Every structure is written in C-alpha cells, then in structure tokens.
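A.B. asks: If it helps, the file is called start-v9.pdb and holds PDB, C-alpha atoms and all ligand atoms:
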```
ATOM      1  CA  MET A 220     -39.686 129.938-118.616
ATOM      2  CA  LYS A 221     -36.878 127.470-117.942
ATOM      3  CA  VAL A 222     -35.895 125.511-121.014
ATOM      4  CA  ILE A 223     -33.251 122.831-121.563
ATOM      5  CA  MET A 224     -31.997 122.029-125.062
ATOM      6  CA  LEU A 225     -31.124 118.376-125.650
ATOM      7  CA  GLY A 226     -29.651 116.856-128.770
ATOM      8  CA  ALA A 227     -26.535 115.385-130.309
ATOM      9  CA  PRO A 228     -23.493 117.553-131.054
ATOM     10  CA  GLY A 229     -24.418 119.638-134.086
ATOM     11  CA  ALA A 230     -28.163 119.004-133.787
ATOM     12  CA  GLY A 231     -28.742 122.755-133.704
ATOM     13  CA  LYS A 232     -29.103 123.352-129.950
ATOM     14  CA  GLY A 233     -27.101 126.575-130.060
ATOM     15  CA  THR A 234     -28.813 127.834-133.213
ATOM     16  CA  GLN A 235     -32.274 127.345-131.707
ATOM     17  CA  ALA A 236     -31.319 128.456-128.172
ATOM     18  CA  LYS A 237     -30.217 131.849-129.526
ATOM     19  CA  LYS A 238     -33.546 132.245-131.305
ATOM     20  CA  ILE A 239     -35.497 131.263-128.174
ATOM     21  CA  ALA A 240     -33.481 133.743-126.094
ATOM     22  CA  ALA A 241     -34.215 136.561-128.546
ATOM     23  CA  LYS A 242     -37.949 135.850-128.890
ATOM     24  CA  TYR A 243     -38.769 135.136-125.252
ATOM     25  CA  HIS A 244     -36.275 137.599-123.711
ATOM     26  CA  VAL A 245     -34.416 135.097-121.544
ATOM     27  CA  PRO A 246     -30.633 134.590-121.295
ATOM     28  CA  HIS A 247     -28.975 131.889-123.424
ATOM     29  CA  ILE A 248     -26.586 129.900-121.240
ATOM     30  CA  SER A 249     -24.255 127.611-123.195
ATOM     31  CA  THR A 250     -21.694 125.656-121.179
ATOM     32  CA  GLY A 251     -19.707 125.053-124.380
ATOM     33  CA  ASP A 252     -19.558 128.825-124.994
ATOM     34  CA  ILE A 253     -18.546 129.442-121.367
ATOM     35  CA  PHE A 254     -15.688 126.935-121.681
ATOM     36  CA  ARG A 255     -14.567 128.370-125.052
ATOM     37  CA  ALA A 256     -14.533 131.885-123.553
ATOM     38  CA  ASN A 257     -12.400 130.573-120.671
ATOM     39  CA  ILE A 258     -10.012 128.877-123.112
ATOM     40  CA  LYS A 259      -9.703 132.093-125.105
ATOM     41  CA  ASN A 260      -8.963 134.057-121.925
ATOM     42  CA  GLY A 261      -6.428 131.471-120.716
ATOM     43  CA  THR A 262      -8.134 130.861-117.337
ATOM     44  CA  GLU A 263      -7.413 127.822-115.132
ATOM     45  CA  LEU A 264     -10.891 126.479-115.893
ATOM     46  CA  GLY A 265     -10.248 126.947-119.601
ATOM     47  CA  LYS A 266      -6.942 125.054-119.424
ATOM     48  CA  LYS A 267      -8.575 122.132-117.618
ATOM     49  CA  ALA A 268     -11.632 122.056-119.914
ATOM     50  CA  LYS A 269      -9.558 122.168-123.107
ATOM     51  CA  THR A 270      -7.808 118.867-122.406
ATOM     52  CA  TYR A 271     -11.201 117.117-122.384
ATOM     53  CA  MET A 272     -12.884 119.101-125.150
ATOM     54  CA  ASP A 273     -10.084 118.545-127.659
ATOM     55  CA  GLN A 274     -10.515 114.797-127.206
ATOM     56  CA  GLY A 275     -14.291 114.986-127.656
ATOM     57  CA  LEU A 276     -14.788 113.976-124.006
ATOM     58  CA  LEU A 277     -17.067 115.599-121.450
ATOM     59  CA  VAL A 278     -15.569 117.958-118.915
ATOM     60  CA  PRO A 279     -15.962 116.336-115.437
ATOM     61  CA  ASP A 280     -19.285 117.079-113.707
ATOM     62  CA  GLU A 281     -17.611 118.834-110.784
ATOM     63  CA  LEU A 282     -16.192 121.515-113.112
ATOM     64  CA  VAL A 283     -19.613 122.172-114.664
ATOM     65  CA  VAL A 284     -22.327 121.918-112.028
ATOM     66  CA  ASP A 285     -21.368 124.768-109.675
ATOM     67  CA  LEU A 286     -20.695 127.028-112.617
ATOM     68  CA  VAL A 287     -24.225 126.551-113.979
ATOM     69  CA  VAL A 288     -25.928 126.679-110.577
ATOM     70  CA  ASP A 289     -24.188 130.020-109.898
ATOM     71  CA  ARG A 290     -25.159 131.312-113.314
ATOM     72  CA  VAL A 291     -28.890 130.466-113.027
ATOM     73  CA  ASN A 292     -28.979 132.194-109.650
ATOM     74  CA  GLN A 293     -27.990 135.507-111.195
ATOM     75  CA  GLU A 294     -30.528 138.294-111.408
ATOM     76  CA  ASP A 295     -31.088 138.160-115.169
ATOM     77  CA  CYS A 296     -32.383 134.579-114.753
ATOM     78  CA  VAL A 297     -35.425 135.420-112.599
ATOM     79  CA  ASP A 298     -37.827 135.102-115.534
ATOM     80  CA  GLY A 299     -36.116 131.976-116.852
ATOM     81  CA  TYR A 300     -33.357 130.961-119.247
ATOM     82  CA  VAL A 301     -32.476 128.557-121.992
ATOM     83  CA  LEU A 302     -29.750 126.065-121.089
ATOM     84  CA  ASP A 303     -27.740 124.776-124.055
ATOM     85  CA  GLY A 304     -25.297 121.906-123.474
ATOM     86  CA  PHE A 305     -26.279 121.392-119.846
ATOM     87  CA  PRO A 306     -27.239 119.005-118.338
ATOM     88  CA  ARG A 307     -25.295 116.400-120.254
ATOM     89  CA  THR A 308     -25.182 113.564-117.745
ATOM     90  CA  ILE A 309     -27.701 112.134-115.267
ATOM     91  CA  PRO A 310     -25.703 113.464-112.268
ATOM     92  CA  GLN A 311     -25.779 116.963-113.838
ATOM     93  CA  ALA A 312     -29.569 116.735-114.307
ATOM     94  CA  GLU A 313     -30.028 115.580-110.723
ATOM     95  CA  ALA A 314     -27.810 118.382-109.426
ATOM     96  CA  LEU A 315     -29.816 120.960-111.391
ATOM     97  CA  ASP A 316     -33.144 119.582-110.130
ATOM     98  CA  LYS A 317     -31.846 119.633-106.572
ATOM     99  CA  ALA A 318     -30.580 123.215-106.818
ATOM    100  CA  LEU A 319     -33.882 124.371-108.345
ATOM    101  CA  ALA A 320     -35.992 122.441-105.821
ATOM    102  CA  ALA A 321     -34.178 124.265-103.018
ATOM    103  CA  LEU A 322     -35.591 127.485-104.501
ATOM    104  CA  GLY A 323     -39.055 125.992-105.096
ATOM    105  CA  GLN A 324     -38.422 125.995-108.865
ATOM    106  CA  LYS A 325     -38.294 123.431-111.674
ATOM    107  CA  VAL A 326     -37.430 123.055-115.347
ATOM    108  CA  ASP A 327     -40.486 123.685-117.586
ATOM    109  CA  TYR A 328     -39.434 122.130-120.904
ATOM    110  CA  ALA A 329     -36.694 119.819-122.146
ATOM    111  CA  ILE A 330     -36.636 120.145-125.928
ATOM    112  CA  ASN A 331     -34.897 117.348-127.794
ATOM    113  CA  VAL A 332     -33.693 118.395-131.253
ATOM    114  CA  GLU A 333     -33.631 115.106-133.167
ATOM    115  CA  VAL A 334     -31.022 114.634-135.906
ATOM    116  CA  PRO A 335     -29.672 111.213-136.986
ATOM    117  CA  ASP A 336     -25.902 110.630-136.737
ATOM    118  CA  GLU A 337     -25.526 110.488-140.550
ATOM    119  CA  ASN A 338     -26.449 114.176-140.873
ATOM    120  CA  ILE A 339     -24.200 115.335-138.057
ATOM    121  CA  VAL A 340     -20.739 114.910-139.559
ATOM    122  CA  THR A 341     -21.631 116.967-142.663
ATOM    123  CA  ARG A 342     -23.132 119.697-140.524
ATOM    124  CA  MET A 343     -20.074 119.991-138.316
ATOM    125  CA  GLY A 344     -17.629 120.103-141.208
ATOM    126  CA  GLY A 345     -19.502 123.123-142.616
ATOM    127  CA  ARG A 346     -19.953 124.966-139.340
ATOM    128  CA  ARG A 347     -17.955 128.159-138.848
ATOM    129  CA  ALA A 348     -17.756 130.129-135.611
ATOM    130  CA  CYS A 349     -16.793 133.763-135.115
ATOM    131  CA  VAL A 350     -13.566 134.298-133.144
ATOM    132  CA  GLY A 351     -15.001 137.557-131.778
ATOM    133  CA  CYS A 352     -18.630 137.110-130.711
ATOM    134  CA  GLY A 353     -19.037 133.336-131.070
ATOM    135  CA  ALA A 354     -21.883 133.566-133.597
ATOM    136  CA  THR A 355     -22.353 130.329-135.528
ATOM    137  CA  TYR A 356     -22.837 129.907-139.270
ATOM    138  CA  HIS A 357     -22.822 127.127-141.812
ATOM    139  CA  LEU A 358     -21.109 127.302-145.217
ATOM    140  CA  GLU A 359     -24.205 125.916-146.916
ATOM    141  CA  TYR A 360     -27.185 126.118-144.524
ATOM    142  CA  ALA A 361     -26.557 129.428-142.752
ATOM    143  CA  PRO A 362     -23.983 131.368-144.806
ATOM    144  CA  THR A 363     -22.630 134.810-143.942
ATOM    145  CA  LYS A 364     -23.201 137.732-146.317
ATOM    146  CA  LYS A 365     -19.448 138.040-146.901
ATOM    147  CA  GLU A 366     -17.457 134.805-147.026
ATOM    148  CA  GLY A 367     -15.392 134.141-143.910
ATOM    149  CA  ILE A 368     -16.544 137.315-142.109
ATOM    150  CA  CYS A 369     -19.048 137.473-139.231
ATOM    151  CA  ASP A 370     -22.282 139.310-140.105
ATOM    152  CA  ALA A 371     -22.692 140.459-136.504
ATOM    153  CA  CYS A 372     -19.235 141.840-135.626
ATOM    154  CA  GLY A 373     -17.008 141.711-138.725
ATOM    155  CA  ARG A 374     -14.354 139.385-137.247
ATOM    156  CA  GLU A 375     -13.085 136.247-139.005
ATOM    157  CA  LEU A 376     -14.655 132.800-138.838
ATOM    158  CA  ILE A 377     -12.918 129.549-137.874
ATOM    159  CA  LEU A 378     -13.608 125.802-137.763
ATOM    160  CA  ARG A 379     -13.907 124.768-134.105
ATOM    161  CA  ASP A 380     -10.996 122.559-132.896
ATOM    162  CA  ASP A 381     -13.433 119.804-131.931
ATOM    163  CA  ASP A 382     -15.269 119.835-135.298
ATOM    164  CA  LYS A 383     -12.684 117.697-137.083
ATOM    165  CA  PRO A 384     -14.361 114.474-138.317
ATOM    166  CA  GLU A 385     -12.493 112.102-135.946
ATOM    167  CA  THR A 386     -13.392 114.223-132.892
ATOM    168  CA  VAL A 387     -17.016 114.545-134.055
ATOM    169  CA  THR A 388     -17.313 110.742-134.139
ATOM    170  CA  LYS A 389     -15.938 110.555-130.600
ATOM    171  CA  ARG A 390     -18.380 113.258-129.425
ATOM    172  CA  LEU A 391     -21.271 111.332-130.975
ATOM    173  CA  ASN A 392     -20.258 108.172-129.083
ATOM    174  CA  VAL A 393     -19.984 110.119-125.840
ATOM    175  CA  TYR A 394     -23.404 111.652-126.544
ATOM    176  CA  HIS A 395     -25.052 108.242-126.981
ATOM    177  CA  GLU A 396     -23.433 106.829-123.851
ATOM    178  CA  GLN A 397     -23.727 109.715-121.415
ATOM    179  CA  THR A 398     -26.280 112.251-122.647
ATOM    180  CA  GLN A 399     -28.989 110.277-124.441
ATOM    181  CA  PRO A 400     -30.185 108.723-121.125
ATOM    182  CA  LEU A 401     -31.487 112.214-120.286
ATOM    183  CA  ILE A 402     -34.277 111.671-122.815
ATOM    184  CA  ASP A 403     -35.753 108.989-120.528
ATOM    185  CA  TYR A 404     -35.037 111.109-117.475
ATOM    186  CA  TYR A 405     -37.072 114.047-118.781
ATOM    187  CA  THR A 406     -39.751 111.783-120.300
ATOM    188  CA  GLN A 407     -40.311 110.402-116.813
ATOM    189  CA  ALA A 408     -40.430 113.939-115.452
ATOM    190  CA  GLY A 409     -43.212 114.606-118.002
ATOM    191  CA  ILE A 410     -41.505 117.606-119.648
ATOM    192  CA  LEU A 411     -39.789 116.109-122.714
ATOM    193  CA  LYS A 412     -40.734 117.655-126.087
ATOM    194  CA  GLU A 413     -39.352 116.358-129.382
ATOM    195  CA  VAL A 414     -38.723 118.413-132.522
ATOM    196  CA  ASP A 415     -37.433 117.249-135.891
ATOM    197  CA  GLY A 416     -34.015 118.894-136.309
ATOM    198  CA  THR A 417     -33.477 117.792-139.917
ATOM    199  CA  VAL A 418     -35.758 120.425-141.449
ATOM    200  CA  ASP A 419     -34.547 123.981-142.071
ATOM    201  CA  ILE A 420     -33.624 126.304-139.207
ATOM    202  CA  GLU A 421     -36.819 128.423-139.366
ATOM    203  CA  GLU A 422     -39.030 125.351-139.525
ATOM    204  CA  VAL A 423     -37.366 123.843-136.440
ATOM    205  CA  PHE A 424     -37.932 127.146-134.653
ATOM    206  CA  ARG A 425     -41.624 127.219-135.637
ATOM    207  CA  ALA A 426     -42.072 123.795-134.042
ATOM    208  CA  ILE A 427     -40.401 125.106-130.878
ATOM    209  CA  THR A 428     -42.660 128.176-130.692
ATOM    210  CA  VAL A 429     -45.690 125.867-130.914
ATOM    211  CA  ILE A 430     -44.364 124.137-127.777
ATOM    212  CA  LEU A 431     -43.383 127.287-125.871
ATOM    213  CA  GLY A 432     -46.354 129.394-126.993
ATOM    214  CA  GLU A 433     -46.432 132.223-129.536
TER
HETATM  215  P1  LIG B 501     -20.878 122.281-126.945
HETATM  216  O1  LIG B 501     -20.356 123.560-127.387
HETATM  217  O2  LIG B 501     -22.158 122.242-126.179
HETATM  218  O3  LIG B 501     -20.936 121.280-128.177
HETATM  219  P2  LIG B 501     -21.976 120.160-128.655
HETATM  220  O4  LIG B 501     -23.041 119.650-127.753
HETATM  221  O5  LIG B 501     -21.098 119.118-129.193
HETATM  222  O6  LIG B 501     -22.874 120.881-129.597
HETATM  223  P3  LIG B 501     -22.465 121.877-130.709
HETATM  224  O7  LIG B 501     -22.297 123.241-130.159
HETATM  225  O8  LIG B 501     -21.322 121.284-131.474
HETATM  226  O9  LIG B 501     -23.751 121.786-131.633
HETATM  227  P4  LIG B 501     -25.164 122.500-131.527
HETATM  228  O10 LIG B 501     -26.202 121.463-131.217
HETATM  229  O11 LIG B 501     -25.115 123.708-130.662
HETATM  230  O12 LIG B 501     -25.349 122.882-133.044
HETATM  231  P5  LIG B 501     -25.268 124.307-133.789
HETATM  232  O13 LIG B 501     -26.489 125.112-133.466
HETATM  233  O14 LIG B 501     -23.950 124.941-133.646
HETATM  234  O15 LIG B 501     -19.781 121.548-126.052
HETATM  235  C1  LIG B 501     -18.447 121.425-126.496
HETATM  236  C2  LIG B 501     -17.644 120.597-125.503
HETATM  237  O16 LIG B 501     -17.638 121.269-124.235
HETATM  238  C3  LIG B 501     -18.185 119.200-125.200
HETATM  239  O17 LIG B 501     -17.752 118.255-126.142
HETATM  240  C4  LIG B 501     -17.625 118.967-123.797
HETATM  241  O18 LIG B 501     -16.267 118.610-123.848
HETATM  242  C5  LIG B 501     -17.708 120.340-123.163
HETATM  243  N1  LIG B 501     -18.972 120.555-122.421
HETATM  244  C6  LIG B 501     -19.939 121.487-122.703
HETATM  245  N2  LIG B 501     -20.959 121.395-121.833
HETATM  246  C7  LIG B 501     -20.637 120.381-120.982
HETATM  247  C8  LIG B 501     -21.296 119.779-119.872
HETATM  248  N3  LIG B 501     -22.514 120.200-119.463
HETATM  249  N4  LIG B 501     -20.682 118.749-119.236
HETATM  250  C9  LIG B 501     -19.474 118.320-119.633
HETATM  251  N5  LIG B 501     -18.791 118.829-120.678
HETATM  252  C10 LIG B 501     -19.360 119.846-121.349
HETATM  253  O19 LIG B 501     -25.459 123.767-135.298
HETATM  254  C11 LIG B 501     -24.441 123.005-135.933
HETATM  255  C12 LIG B 501     -24.249 123.474-137.384
HETATM  256  O20 LIG B 501     -25.412 123.131-138.147
HETATM  257  C13 LIG B 501     -24.109 125.002-137.532
HETATM  258  O21 LIG B 501     -23.197 125.272-138.550
HETATM  259  C14 LIG B 501     -25.520 125.478-137.902
HETATM  260  O22 LIG B 501     -25.488 126.650-138.691
HETATM  261  C15 LIG B 501     -26.047 124.285-138.693
HETATM  262  N6  LIG B 501     -27.485 124.068-138.491
HETATM  263  C16 LIG B 501     -28.200 124.239-137.325
HETATM  264  N7  LIG B 501     -29.494 123.911-137.502
HETATM  265  C17 LIG B 501     -29.598 123.497-138.818
HETATM  266  C18 LIG B 501     -30.694 123.025-139.606
HETATM  267  N8  LIG B 501     -31.935 122.889-139.099
HETATM  268  N9  LIG B 501     -30.427 122.698-140.892
HETATM  269  C19 LIG B 501     -29.173 122.825-141.415
HETATM  270  N10 LIG B 501     -28.099 123.279-140.718
HETATM  271  C20 LIG B 501     -28.322 123.612-139.424
HETATM  272 MG    MG B 502     -23.583 124.660-129.553
END
```
Since I need it in another form, could you write the structure as structure tokens?
Ligand code: AP5
Ligand code: MG

C.D. replies:
Amino acid sequence: MKVIMLGAPGAGKGTQAKKIAAKYHVPHISTGDIFRANIKNGTELGKKAKTYMDQGLLVPDELVVDLVVDRVNQEDCVDGYVLDGFPRTIPQAEALDKALAALGQKVDYAINVEVPDENIVTRMGGRRACVGCGATYHLEYAPTKKEGICDACGRELILRDDDKPETVTKRLNVYHEQTQPLIDYYTQAGILKEVDGTVDIEEVFRAITVILGE
C-alpha cells in the first residue's frame, strides 16, 4: 500500500501518517523529519535545508527527489509506505511517478487532509515536538501526560523554529502556490481521497481507515 499524505502545514499529515504506519505496518517517511534530523546532526544537507525551512520556503526539488527515491527503494518499503510532506510540487510528483513506473509500480492513494487556513495558525502555535524522538503533541488537542515531557522517550518538548506565526503564514502561502496544485494532479490520476481534518484526531483516522480498508 503506497499512500501520500497531502494537506496544508499543520493539517495533521504527520499525526495521521504515524497512525497509518502503525496500523498497516508500513514505514512512515516524512521529508520534514528527515531534514530536521539532518539539521540536528549538522550534515551538509541539513545546513542547506535549514536556510529554506527557517524562511518557510520549500527546499529545492533537487535536494529532495533523489533522497525520497532512494528511501522508497529500500527493503522495508516492499509492502508500501506512507509519504508525509512529499511530493510537494508538481515536478516532485512527476519524478516520483517516473521512478515508480520504472519499477512497474504506482501510488495507490493520495489522501488530502482538509483544514481551512483559519484553524492552522492556532494549531501550529500549540504544537510541541520532542527533541529526542520527534513525536508531536499539542498543548490542547494532544497533550502529554506530564507537561513539557515526551510520553514516548522522556525528553523535553520544543516549539519548532518554523512554527512562529509569521513563518506559518509564509508556509501557508507557499502551500497554496506550490503544493495545492497536486490536488488536481492526483484527482486526474483518479486516486485522490479527501478527509475532513477539522474533526478530532481519532475521527480523522477513522475516515482514513474507511478509505484504506479495516
Ligand atoms: P514538514 O515537516 O513537512 O512541515 P509541514 O508540511 O509544514 O507540515 P507540518 O509538519 O507542520 O504539519 P502536519 O500536517 O504534519 O501536522 P501535525 O500532524 O504535526 O516540512 C517542514 C519544511 O521542510 C517545509 O516548510 C520545507 O521547507 C521543507 N520540506 C519538507 N518536505 C519538503 C519537500 N518535499 N520539498 C521541499 N521542501 C520540503 O499536526 C499539527 C498540530 O496539530 C500538532 O500539534 C497536532 O497534535 C495537532 N493536530 C493534528 N491533528 C489534529 C486534529 N484533528 N485536531 C486538533 N489538533 C490536531
Ligand atoms: Mg509534519
């Protein structure tokens, strides 16, 4: 099962992708997480990516495409995967299709998690991420058991650098310009599925399991 998560920044792509990965036993591949891990480890890729991410801009396609194509060719991806944050531009989607076609494969579902812009800024301001394992919480909607401490690994939680309100607005603009056209792209491919992302996390996930099968 090859699934792509689409949606605005903060729509809940990561939250739902983790749940899909756990239920259907496929790897969760988040390009944002891969870049943040590279930044944390001080790699060349991380240094390049950070300059774009901190401004709310997309990292150039050429730094993303090969990375993802290599990743989906790894052994743990034979039964599928859930891609979160990729593709994000039409050229990325075309590159993915081309790489899969060369292997006689294709994407099965593109799930668009729909959340209006008004809801996004509040969500991002309340999001907290673990510095250790990258788990994501929300002060109000997905709180930890102990304030400021990750339930999974016990490390501290931080506000992501790009979750400041002015950067969130920029990311939303970039989303509408460069990523939203993918909705038409996957509609034309006949694999687009829409879910309402404004309801609570479990309810969004129920709608997704109806699409993917119990
Ligand atoms: P990335 O990490 O992918 O960021 P994003 O798309 O902006 O999305 P987010 O991770 O911010 O949101 P999400 O949809 O995963 O929401 P979440 O589940 O956390 O990318 C970061 C940057 O990296 C980009 O800006 C770009 O620079 C670069 N990049 C990455 N991929 C790239 C690519 N392919 N090409 C070029 N550049 C790339 O949920 C948000 C919050 O809401 C959480 O606190 C959560 O607990 C809460 N929440 C979730 N669901 C609900 C719900 N139903 N109700 C209430 N609260 C909820
Ligand atoms: Mg995410």

A.B. asks: When you draw a straight line from CA of Ala256 in chain A to CA of Glu359 in chain A, how long is it in Å?

C.D. replies: 26.0 Å

A.B. asks: One decimal, in Å: what's the spacing between atom N8 of ligand LIG 501 (chain B) and CA of Arg342 in chain A?

C.D. replies: 9.5 Å

A.B. asks: Please measure the separation of CA of Pro310 in chain A and CA of Asp252 in chain A, giving the value in Å to one decimal.

C.D. replies: 20.9 Å

A.B. asks: Would you give me, as JSON lines, each residue of chain A having an atom within 7 Å of an atom of ligand MG 502 (chain B), along with its shortest atom pair and that distance in Å to one decimal, using all atoms listed in the file and sorting by chain and residue number?

C.D. replies:
```
{"residue": "A:Gly229", "atom": "CA", "partner": "B:MG502", "partner_atom": "MG", "distance": 6.8}
{"residue": "A:Gly231", "atom": "CA", "partner": "B:MG502", "partner_atom": "MG", "distance": 6.9}
{"residue": "A:Lys232", "atom": "CA", "partner": "B:MG502", "partner_atom": "MG", "distance": 5.7}
{"residue": "A:Gly233", "atom": "CA", "partner": "B:MG502", "partner_atom": "MG", "distance": 4.0}
{"residue": "A:Gly251", "atom": "CA", "partner": "B:MG502", "partner_atom": "MG", "distance": 6.5}
{"residue": "A:Asp303", "atom": "CA", "partner": "B:MG502", "partner_atom": "MG", "distance": 6.9}
{"residue": "A:Gly304", "atom": "CA", "partner": "B:MG502", "partner_atom": "MG", "distance": 6.9}
```

A.B. asks: Restrict the calculation to all atoms listed in the file, then for each residue of range 334-398 of chain A with any atom at most 12 Å from an atom of range 412-427 of chain A give the closest atom pair and their distance in Å to one decimal, rows by chain and rising residue number, as JSON lines.

C.D. replies:
```
{"residue": "A:Val334", "atom": "CA", "partner": "A:Gly416", "partner_atom": "CA", "distance": 5.2}
{"residue": "A:Pro335", "atom": "CA", "partner": "A:Thr417", "partner_atom": "CA", "distance": 8.1}
{"residue": "A:Asp336", "atom": "CA", "partner": "A:Thr417", "partner_atom": "CA", "distance": 10.9}
{"residue": "A:Glu337", "atom": "CA", "partner": "A:Thr417", "partner_atom": "CA", "distance": 10.8}
{"residue": "A:Asn338", "atom": "CA", "partner": "A:Thr417", "partner_atom": "CA", "distance": 8.0}
{"residue": "A:Ile339", "atom": "CA", "partner": "A:Thr417", "partner_atom": "CA", "distance": 9.8}
{"residue": "A:Arg342", "atom": "CA", "partner": "A:Thr417", "partner_atom": "CA", "distance": 10.5}
{"residue": "A:Tyr356", "atom": "CA", "partner": "A:Ile420", "partner_atom": "CA", "distance": 11.4}
{"residue": "A:His357", "atom": "CA", "partner": "A:Ile420", "partner_atom": "CA", "distance": 11.1}
{"residue": "A:Glu359", "atom": "CA", "partner": "A:Asp419", "partner_atom": "CA", "distance": 11.6}
{"residue": "A:Tyr360", "atom": "CA", "partner": "A:Asp419", "partner_atom": "CA", "distance": 8.0}
{"residue": "A:Ala361", "atom": "CA", "partner": "A:Ile420", "partner_atom": "CA", "distance": 8.5}
```

A.B. asks: Where does the PyMOL selection byres (((chain A and resi 378) around 7) and not hetatm) land in this file, that is, which residues does it pick, as an mmCIF file with C-alpha atoms, keeping the file's coordinate frame?

C.D. replies:
```cif
data_model
loop_
_atom_site.group_PDB
_atom_site.id
_atom_site.type_symbol
_atom_site.label_atom_id
_atom_site.label_comp_id
_atom_site.auth_asym_id
_atom_site.auth_seq_id
_atom_site.Cartn_x
_atom_site.Cartn_y
_atom_site.Cartn_z
ATOM 1 C CA ARG A 346 -19.953 124.966 -139.340
ATOM 2 C CA ARG A 347 -17.955 128.159 -138.848
ATOM 3 C CA ALA A 348 -17.756 130.129 -135.611
ATOM 4 C CA ILE A 377 -12.918 129.549 -137.874
ATOM 5 C CA ARG A 379 -13.907 124.768 -134.105
ATOM 6 C CA ASP A 380 -10.996 122.559 -132.896
ATOM 7 C CA ASP A 382 -15.269 119.835 -135.298
#
```

A.B. asks: When you count all atoms listed in the file, which of these residues is closest to ligand LIG 501 (chain B): A:Leu315, A:Val288, A:Leu225, A:Val278?

C.D. replies: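 Ranked by minimum distance to ligand LIG 501 (chain B), first place goes to A:Val278.
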
A.B. asks: Residues near Cys296 in chain A, anyone? I mean within 12 Å using all atoms listed in the file, not counting same-chain ones fewer than 5 positions away, as an NGL selection string.

C.D. replies: :A and (220-222 or 240 or 244-248 or 287-291 or 301-302)

A.B. asks: For ligand LIG 501 (chain B), which of A:Thr363, A:Asn257, A:Gln397, A:Thr355 is the closest residue, counting all atoms listed in the file?

C.D. replies: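 Result for the nearest residue to ligand LIG 501 (chain B): A:Thr355.
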
A.B. asks: Name the closest residue to ligand LIG 501 (chain B) among the candidates A:Lys383, A:Arg307, A:Arg374, A:Lys365; distances are taken between atoms, counting all atoms listed in the file.

C.D. replies: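 Nearest to ligand LIG 501 (chain B): A:Arg307.
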